[in-house]
Amino acid sequence: MYLKSYLIAILKVKNVLLLLTGLFLFFTGIGDIISLILYYWGDWNTVLHARSVPEAAAGIIIAPVLILIAAFSRNKIRDAVFYSGYFETNLYGNVWYNELSCATGYSAKKVKRDLRFLRIFYMKRFSFVTGGNGEYIELFSKRVTCRCRNCGAVIDKNEYFTGLCPYCKTPDIFASVITDNKIYSITNDVQSVRTSPVYYLKKHINLKMGLLITALSFSGAFLFALFCMIMDYISKYNDMDYQKDLILSGKGYASIEINQKQMVDTIVWDIFFIMILLPIVIICIKKLHIIASSRGLSGLFADSKAAFIDLSVVEDANYSASLLRRCIQSGYLKNCTMENHDGAIMISLARKIVRDSCPYCGAPVSGAVGENYICGFCHNTIMGVIRKR
């Protein structure tokens, strides 16, 4: 609702391309220069005036810039996903910076800077307003009606956040939210999904895990093979019997010195490939850890009978607040969000958001022109349609 989804999809592709280009330029540049130095050791004039030196130096300088841009953009996308999730479940129409500071772990000043930047490139449908109590974030065109599906009671927005109907004590509460001239239905669907951890997990997460395990296996195998090759060349470098056999077999050069330089050159490029593969292995391990944590948290959430869980319950299960944020930011955990309730962090569960539908029967809403809209299927009146806050 608050993300520039199409632009973010393009930026994700851009980040991958920048990262791969940066890594390639950096490691090829370093590898080329080291190879020249070792091959022409002592002949510094030849090294300095080699044709490939300026290109390698330019790549080494440009590479960190590309990598930093990709990393910065990636982190901002994660922040945008987290902020958007918080905004989508807000029923007041405005958000204070101290709320987001409590939920994100950032300072209020950092949250303010982040949102002003994210508003330009990654997010939409909110503005910054200065009122009597200071500056806050106003969400566009938001009106709400809260109702209990079990007993039909109309519920105040504040009571909705307790997660239980004050009359029948069930968590089966929904709210209709109006934004951008469209109606959204937000529902706490704890009872119907309580026994299904899959509800809280990203779609195709098992496929994602399988691909990461495959990438980790291949990368690890190549790393091991390259390491063995390096150790083999090191052991044979000063082995004169091997060098003589190499010359006599015709597989090498006629000079021991040249053969040794070729071995050094091969070792350098093997190290270069190791430096490329090692970050891939680390990234795969980190992502697998986040996926494993997300699966564990989804099981914890599925066992909950309440619409909200206190952060202490998550921490007692050996999951830190920062790890929970990372799982949500990465998109592996869904239908849950961290929220600030009276200064305490709570995790709201089974939050289902249905766009452009009647909150009573789920029928599509179309042709709304006034403040109230009568559903053509169940004939219930939806309050506050197309009305600015």
# chains A, B, ... in the order shown; residues from 1 in each chain; ligands from 1

$ residues_around --residues "Gln329 of chain A" --least-positions-apart "4" --cutoff "8 Å" --atoms "only C-alpha atoms" --output "list of chain:residue names"
A:Arg78, A:Asp79, A:Val81, A:Phe82, A:Arg325

$ residues_around --residues "Ile61 of chain A" --least-positions-apart "4" --cutoff "8 Å" --atoms "only C-alpha atoms" --output "PDB file with N, CA and C atoms, in the first residue's frame"
ATOM      1  N   PHE A  26      36.667  -5.194  -8.766  1.00  0.00           N
ATOM      2  CA  PHE A  26      37.613  -5.125  -7.653  1.00  0.00           C
ATOM      3  C   PHE A  26      38.567  -6.320  -7.660  1.00  0.00           C
ATOM      4  N   ALA A  57      43.556  -0.339 -11.994  1.00  0.00           N
ATOM      5  CA  ALA A  57      43.457   0.700 -10.953  1.00  0.00           C
ATOM      6  C   ALA A  57      42.102   1.385 -10.988  1.00  0.00           C
ATOM      7  N   VAL A  65      32.615   2.044  -4.865  1.00  0.00           N
ATOM      8  CA  VAL A  65      31.494   2.970  -5.027  1.00  0.00           C
ATOM      9  C   VAL A  65      30.238   2.209  -5.449  1.00  0.00           C
TER      10      VAL A  65
END

$ residues_around --residues "Leu226 of chain A" --least-positions-apart "4" --cutoff "9 Å" --atoms "only C-alpha atoms" --output "JSON, numbers by chain"
{"A": [221, 222, 230, 231, 267, 270, 271, 273, 274]}

$ write_last_selection --atoms "C-alpha atoms" --output "PDB file, in the first residue's frame"
ATOM      1  CA  ALA A 221      32.766 -27.507  -3.176  1.00  0.00           C
ATOM      2  CA  PHE A 222      34.556 -25.045  -5.473  1.00  0.00           C
ATOM      3  CA  ILE A 230      46.642 -23.888  -3.946  1.00  0.00           C
ATOM      4  CA  MET A 231      48.116 -26.210  -1.348  1.00  0.00           C
ATOM      5  CA  ILE A 267      47.781 -19.464  -7.166  1.00  0.00           C
ATOM      6  CA  ASP A 270      42.794 -19.270  -7.504  1.00  0.00           C
ATOM      7  CA  ILE A 271      42.823 -16.855  -4.551  1.00  0.00           C
ATOM      8  CA  PHE A 273      38.138 -16.939  -7.327  1.00  0.00           C
ATOM      9  CA  ILE A 274      38.113 -17.810  -3.619  1.00  0.00           C
TER      10      ILE A 274
END

$ residues_around --residues "Lys261 of chain A" --least-positions-apart "5" --cutoff "12 Å" --atoms "only C-alpha atoms" --output "VMD selection string"
chain A and resid 35 to 41 233 to 234 237 to 238 252 to 253 255 to 256 266 to 268

$ write_last_selection --atoms "C-alpha atoms" --output "JSON list (two decimals), in the first residue's frame"
[["chain", "number", "residue", "atom", "x", "y", "z"],
["A", 35, "SER", "CA", 49.88, -11.26, -10.85],
["A", 36, "LEU", "CA", 52.02, -8.62, -12.61],
["A", 37, "ILE", "CA", 54.02, -7.88, -9.46],
["A", 38, "LEU", "CA", 54.79, -11.53, -8.79],
["A", 39, "TYR", "CA", 55.54, -12.38, -12.42],
["A", 40, "TYR", "CA", 57.85, -9.41, -12.97],
["A", 41, "TRP", "CA", 59.21, -9.24, -9.42],
["A", 233, "TYR", "CA", 51.02, -25.84, -6.02],
["A", 234, "ILE", "CA", 52.66, -24.54, -2.83],
["A", 237, "TYR", "CA", 56.88, -24.92, -5.86],
["A", 238, "ASN", "CA", 60.31, -25.84, -4.46],
["A", 252, "GLY", "CA", 55.67, -27.13, -18.77],
["A", 253, "TYR", "CA", 58.20, -24.57, -19.91],
["A", 255, "SER", "CA", 62.80, -23.15, -17.42],
["A", 256, "ILE", "CA", 62.18, -23.88, -13.74],
["A", 266, "THR", "CA", 47.78, -19.74, -10.97],
["A", 267, "ILE", "CA", 47.78, -19.46, -7.17],
["A", 268, "VAL", "CA", 46.94, -15.75, -7.40]]

$ residues_around --residues "segment 288-293 of chain A" --least-positions-apart "3" --cutoff "9 Å" --atoms "only C-alpha atoms" --output "ChimeraX atom specification"
/A:205,208-209,212-213,283-285,296-298,319,323-324,326-327,330,332-333

$ closest_residue --among "A:Ile258, A:Leu91, A:Ile33, A:Leu211" --to "Gln243 of chain A" --atoms "only C-alpha atoms"
A:Ile258

$ atom_distance --atom1 "atom CA of Lys203 of chain A" --atom2 "atom CA of Lys4 of chain A"
20.5 Å

$ atom_distance --atom1 "atom CA of Ser322 of chain A" --atom2 "atom CA of Gly105 of chain A"
8.0 Å

$ atom_distance --atom1 "atom CA of Lys76 of chain A" --atom2 "atom CA of Thr337 of chain A"
17.7 Å

$ closest_residue --among "A:Phe72, A:Asn318, A:Phe87, A:Ile280" --to "Leu20 of chain A" --atoms "only C-alpha atoms"
A:Ile280

$ residues_around --residues "Ile186 of chain A" --least-positions-apart "6" --cutoff "12 Å" --atoms "only C-alpha atoms" --output "ChimeraX atom specification"
/A:88-91,144-148,160,172-178,335,348-360,362

$ write_last_selection --atoms "N, CA and C atoms" --output "short mmCIF file (atom, residue, chain, number, x, y, z; two decimals), in the first residue's frame"
data_model
loop_
_atom_site.label_atom_id
_atom_site.label_comp_id
_atom_site.auth_asym_id
_atom_site.auth_seq_id
_atom_site.Cartn_x
_atom_site.Cartn_y
_atom_site.Cartn_z
N GLU A 88 0.57 0.09 7.31
CA GLU A 88 -0.62 -0.62 6.84
C GLU A 88 -1.53 -1.05 7.99
N THR A 89 -0.96 -1.29 9.14
CA THR A 89 -1.77 -1.75 10.27
C THR A 89 -2.10 -0.63 11.24
N ASN A 90 -1.79 0.60 10.87
CA ASN A 90 -2.11 1.74 11.72
C ASN A 90 -3.54 2.19 11.45
N LEU A 91 -4.33 2.36 12.51
CA LEU A 91 -5.73 2.74 12.36
C LEU A 91 -6.02 4.17 12.81
N VAL A 144 -11.55 4.71 9.41
CA VAL A 144 -11.68 3.33 9.86
C VAL A 144 -13.02 3.07 10.52
N THR A 145 -13.47 1.86 10.38
CA THR A 145 -14.62 1.36 11.12
C THR A 145 -14.23 0.00 11.67
N CYS A 146 -14.29 -0.19 12.95
CA CYS A 146 -13.90 -1.46 13.57
C CYS A 146 -15.15 -2.20 14.04
N ARG A 147 -15.18 -3.50 13.79
CA ARG A 147 -16.35 -4.30 14.15
C ARG A 147 -15.90 -5.71 14.50
N CYS A 148 -16.59 -6.32 15.45
CA CYS A 148 -16.33 -7.71 15.82
C CYS A 148 -17.14 -8.63 14.92
N TYR A 160 -9.45 -1.86 19.51
CA TYR A 160 -9.06 -2.82 18.47
C TYR A 160 -7.63 -3.29 18.70
N ASP A 172 -11.63 -12.04 16.73
CA ASP A 172 -12.10 -11.98 15.35
C ASP A 172 -12.64 -10.59 15.03
N ILE A 173 -11.71 -9.63 14.94
CA ILE A 173 -12.06 -8.23 14.73
C ILE A 173 -11.51 -7.78 13.39
N PHE A 174 -12.23 -6.89 12.72
CA PHE A 174 -11.73 -6.35 11.46
C PHE A 174 -11.91 -4.83 11.48
N ALA A 175 -11.20 -4.18 10.57
CA ALA A 175 -11.34 -2.73 10.40
C ALA A 175 -11.35 -2.42 8.91
N SER A 176 -12.23 -1.52 8.50
CA SER A 176 -12.21 -1.06 7.11
C SER A 176 -11.40 0.22 7.05
N VAL A 177 -10.45 0.27 6.12
CA VAL A 177 -9.52 1.39 6.00
C VAL A 177 -9.66 1.99 4.61
N ILE A 178 -9.77 3.30 4.55
CA ILE A 178 -9.92 3.97 3.26
C ILE A 178 -8.64 4.73 2.94
N ASN A 335 2.31 -11.32 7.31
CA ASN A 335 1.11 -11.30 8.15
C ASN A 335 1.43 -11.07 9.62
N SER A 348 1.88 -8.00 16.20
CA SER A 348 0.51 -8.31 15.79
C SER A 348 0.55 -9.47 14.81
N LEU A 349 -0.40 -10.40 14.98
CA LEU A 349 -0.39 -11.65 14.21
C LEU A 349 -1.62 -11.77 13.33
N ALA A 350 -1.49 -12.62 12.31
CA ALA A 350 -2.61 -12.98 11.44
C ALA A 350 -3.31 -11.76 10.89
N ARG A 351 -2.54 -10.74 10.60
CA ARG A 351 -3.12 -9.51 10.07
C ARG A 351 -3.30 -9.65 8.57
N LYS A 352 -4.52 -9.87 8.14
CA LYS A 352 -4.81 -10.08 6.73
C LYS A 352 -5.37 -8.77 6.15
N ILE A 353 -4.74 -8.30 5.09
CA ILE A 353 -5.17 -7.06 4.44
C ILE A 353 -5.75 -7.42 3.07
N VAL A 354 -7.04 -7.14 2.88
CA VAL A 354 -7.71 -7.41 1.61
C VAL A 354 -8.04 -6.08 0.94
N ARG A 355 -7.56 -5.87 -0.25
CA ARG A 355 -7.74 -4.59 -0.92
C ARG A 355 -9.04 -4.56 -1.73
N ASP A 356 -9.65 -3.38 -1.73
CA ASP A 356 -10.82 -3.12 -2.56
C ASP A 356 -11.92 -4.15 -2.35
N SER A 357 -12.22 -4.47 -1.10
CA SER A 357 -13.27 -5.45 -0.84
C SER A 357 -14.14 -5.01 0.32
N CYS A 358 -15.35 -5.53 0.34
CA CYS A 358 -16.28 -5.25 1.44
C CYS A 358 -15.80 -5.97 2.69
N PRO A 359 -15.67 -5.27 3.82
CA PRO A 359 -15.18 -5.93 5.04
C PRO A 359 -16.18 -6.93 5.62
N TYR A 360 -17.44 -6.92 5.14
CA TYR A 360 -18.45 -7.82 5.68
C TYR A 360 -18.51 -9.14 4.92
N GLY A 362 -16.57 -9.59 1.72
CA GLY A 362 -15.43 -9.78 0.84
C GLY A 362 -15.70 -9.45 -0.61
#

$ decode --residues "segment 334-372 of chain A" --atoms "N, CA and C atoms" --output "tab-separated table (two decimals), in the first residue's frame"
chain	number	residue	atom	x	y	z
A	334	LYS	N	5.58	-12.89	7.02
A	334	LYS	CA	4.49	-12.05	6.56
A	334	LYS	C	3.31	-12.16	7.52
A	335	ASN	N	2.31	-11.32	7.31
A	335	ASN	CA	1.11	-11.30	8.15
A	335	ASN	C	1.43	-11.07	9.62
A	336	CYS	N	2.52	-10.38	9.88
A	336	CYS	CA	2.86	-9.98	11.25
A	336	CYS	C	3.66	-8.69	11.17
A	337	THR	N	3.59	-7.90	12.20
A	337	THR	CA	4.34	-6.66	12.22
A	337	THR	C	4.65	-6.27	13.66
A	338	MET	N	5.76	-5.56	13.86
A	338	MET	CA	6.12	-5.07	15.19
A	338	MET	C	5.46	-3.70	15.37
A	339	GLU	N	4.78	-3.53	16.49
A	339	GLU	CA	4.06	-2.29	16.74
A	339	GLU	C	4.35	-1.78	18.15
A	340	ASN	N	4.18	-0.48	18.30
A	340	ASN	CA	4.39	0.17	19.59
A	340	ASN	C	3.03	0.39	20.25
A	341	HIS	N	2.82	-0.21	21.40
A	341	HIS	CA	1.58	-0.05	22.14
A	341	HIS	C	1.90	0.43	23.55
A	342	ASP	N	1.62	1.72	23.76
A	342	ASP	CA	1.88	2.33	25.07
A	342	ASP	C	3.34	2.16	25.50
A	343	GLY	N	4.25	2.32	24.54
A	343	GLY	CA	5.68	2.27	24.83
A	343	GLY	C	6.27	0.87	24.83
A	344	ALA	N	5.44	-0.14	24.63
A	344	ALA	CA	5.93	-1.53	24.61
A	344	ALA	C	5.80	-2.09	23.20
A	345	ILE	N	6.76	-2.94	22.83
A	345	ILE	CA	6.73	-3.56	21.51
A	345	ILE	C	5.85	-4.80	21.55
A	346	MET	N	4.87	-4.85	20.66
A	346	MET	CA	4.01	-6.01	20.50
A	346	MET	C	4.09	-6.48	19.05
A	347	ILE	N	3.93	-7.76	18.84
A	347	ILE	CA	3.90	-8.31	17.49
A	347	ILE	C	2.46	-8.68	17.18
A	348	SER	N	1.88	-8.00	16.20
A	348	SER	CA	0.51	-8.31	15.79
A	348	SER	C	0.55	-9.47	14.81
A	349	LEU	N	-0.40	-10.40	14.98
A	349	LEU	CA	-0.39	-11.65	14.21
A	349	LEU	C	-1.62	-11.77	13.33
A	350	ALA	N	-1.49	-12.62	12.31
A	350	ALA	CA	-2.61	-12.98	11.44
A	350	ALA	C	-3.31	-11.76	10.89
A	351	ARG	N	-2.54	-10.74	10.60
A	351	ARG	CA	-3.12	-9.51	10.07
A	351	ARG	C	-3.30	-9.65	8.57
A	352	LYS	N	-4.52	-9.87	8.14
A	352	LYS	CA	-4.81	-10.08	6.73
A	352	LYS	C	-5.37	-8.77	6.15
A	353	ILE	N	-4.74	-8.30	5.09
A	353	ILE	CA	-5.17	-7.06	4.44
A	353	ILE	C	-5.75	-7.42	3.07
A	354	VAL	N	-7.04	-7.14	2.88
A	354	VAL	CA	-7.71	-7.41	1.61
A	354	VAL	C	-8.04	-6.08	0.94
A	355	ARG	N	-7.56	-5.87	-0.25
A	355	ARG	CA	-7.74	-4.59	-0.92
A	355	ARG	C	-9.04	-4.56	-1.73
A	356	ASP	N	-9.65	-3.38	-1.73
A	356	ASP	CA	-10.82	-3.12	-2.56
A	356	ASP	C	-11.92	-4.15	-2.35
A	357	SER	N	-12.22	-4.47	-1.10
A	357	SER	CA	-13.27	-5.45	-0.84
A	357	SER	C	-14.14	-5.01	0.32
A	358	CYS	N	-15.35	-5.53	0.34
A	358	CYS	CA	-16.28	-5.25	1.44
A	358	CYS	C	-15.80	-5.97	2.69
A	359	PRO	N	-15.67	-5.27	3.82
A	359	PRO	CA	-15.18	-5.93	5.04
A	359	PRO	C	-16.18	-6.93	5.62
A	360	TYR	N	-17.44	-6.92	5.14
A	360	TYR	CA	-18.45	-7.82	5.68
A	360	TYR	C	-18.51	-9.14	4.92
A	361	CYS	N	-18.50	-9.05	3.58
A	361	CYS	CA	-18.66	-10.27	2.79
A	361	CYS	C	-17.50	-10.55	1.85
A	362	GLY	N	-16.57	-9.59	1.72
A	362	GLY	CA	-15.43	-9.78	0.84
A	362	GLY	C	-15.70	-9.45	-0.61
A	363	ALA	N	-16.89	-8.97	-0.94
A	363	ALA	CA	-17.21	-8.63	-2.33
A	363	ALA	C	-16.41	-7.40	-2.76
A	364	PRO	N	-16.09	-7.28	-4.04
A	364	PRO	CA	-15.33	-6.12	-4.51
A	364	PRO	C	-16.11	-4.83	-4.38
A	365	VAL	N	-15.40	-3.76	-4.06
A	365	VAL	CA	-15.99	-2.43	-3.97
A	365	VAL	C	-15.65	-1.68	-5.25
A	366	SER	N	-16.66	-1.19	-5.94
A	366	SER	CA	-16.43	-0.45	-7.19
A	366	SER	C	-17.48	0.63	-7.35
A	367	GLY	N	-17.08	1.71	-7.97
A	367	GLY	CA	-18.02	2.79	-8.25
A	367	GLY	C	-18.39	3.63	-7.05
A	368	ALA	N	-17.57	3.60	-5.99
A	368	ALA	CA	-17.87	4.41	-4.81
A	368	ALA	C	-17.66	5.89	-5.13
A	369	VAL	N	-18.65	6.72	-4.83
A	369	VAL	CA	-18.54	8.16	-5.15
A	369	VAL	C	-18.81	9.04	-3.94
A	370	GLY	N	-19.41	8.48	-2.91
A	370	GLY	CA	-19.76	9.29	-1.75
A	370	GLY	C	-19.06	8.86	-0.49
A	371	GLU	N	-19.43	9.50	0.61
A	371	GLU	CA	-18.80	9.20	1.89
A	371	GLU	C	-19.10	7.78	2.34
A	372	ASN	N	-20.35	7.32	2.13
A	372	ASN	CA	-20.74	5.97	2.51
A	372	ASN	C	-21.01	5.14	1.26
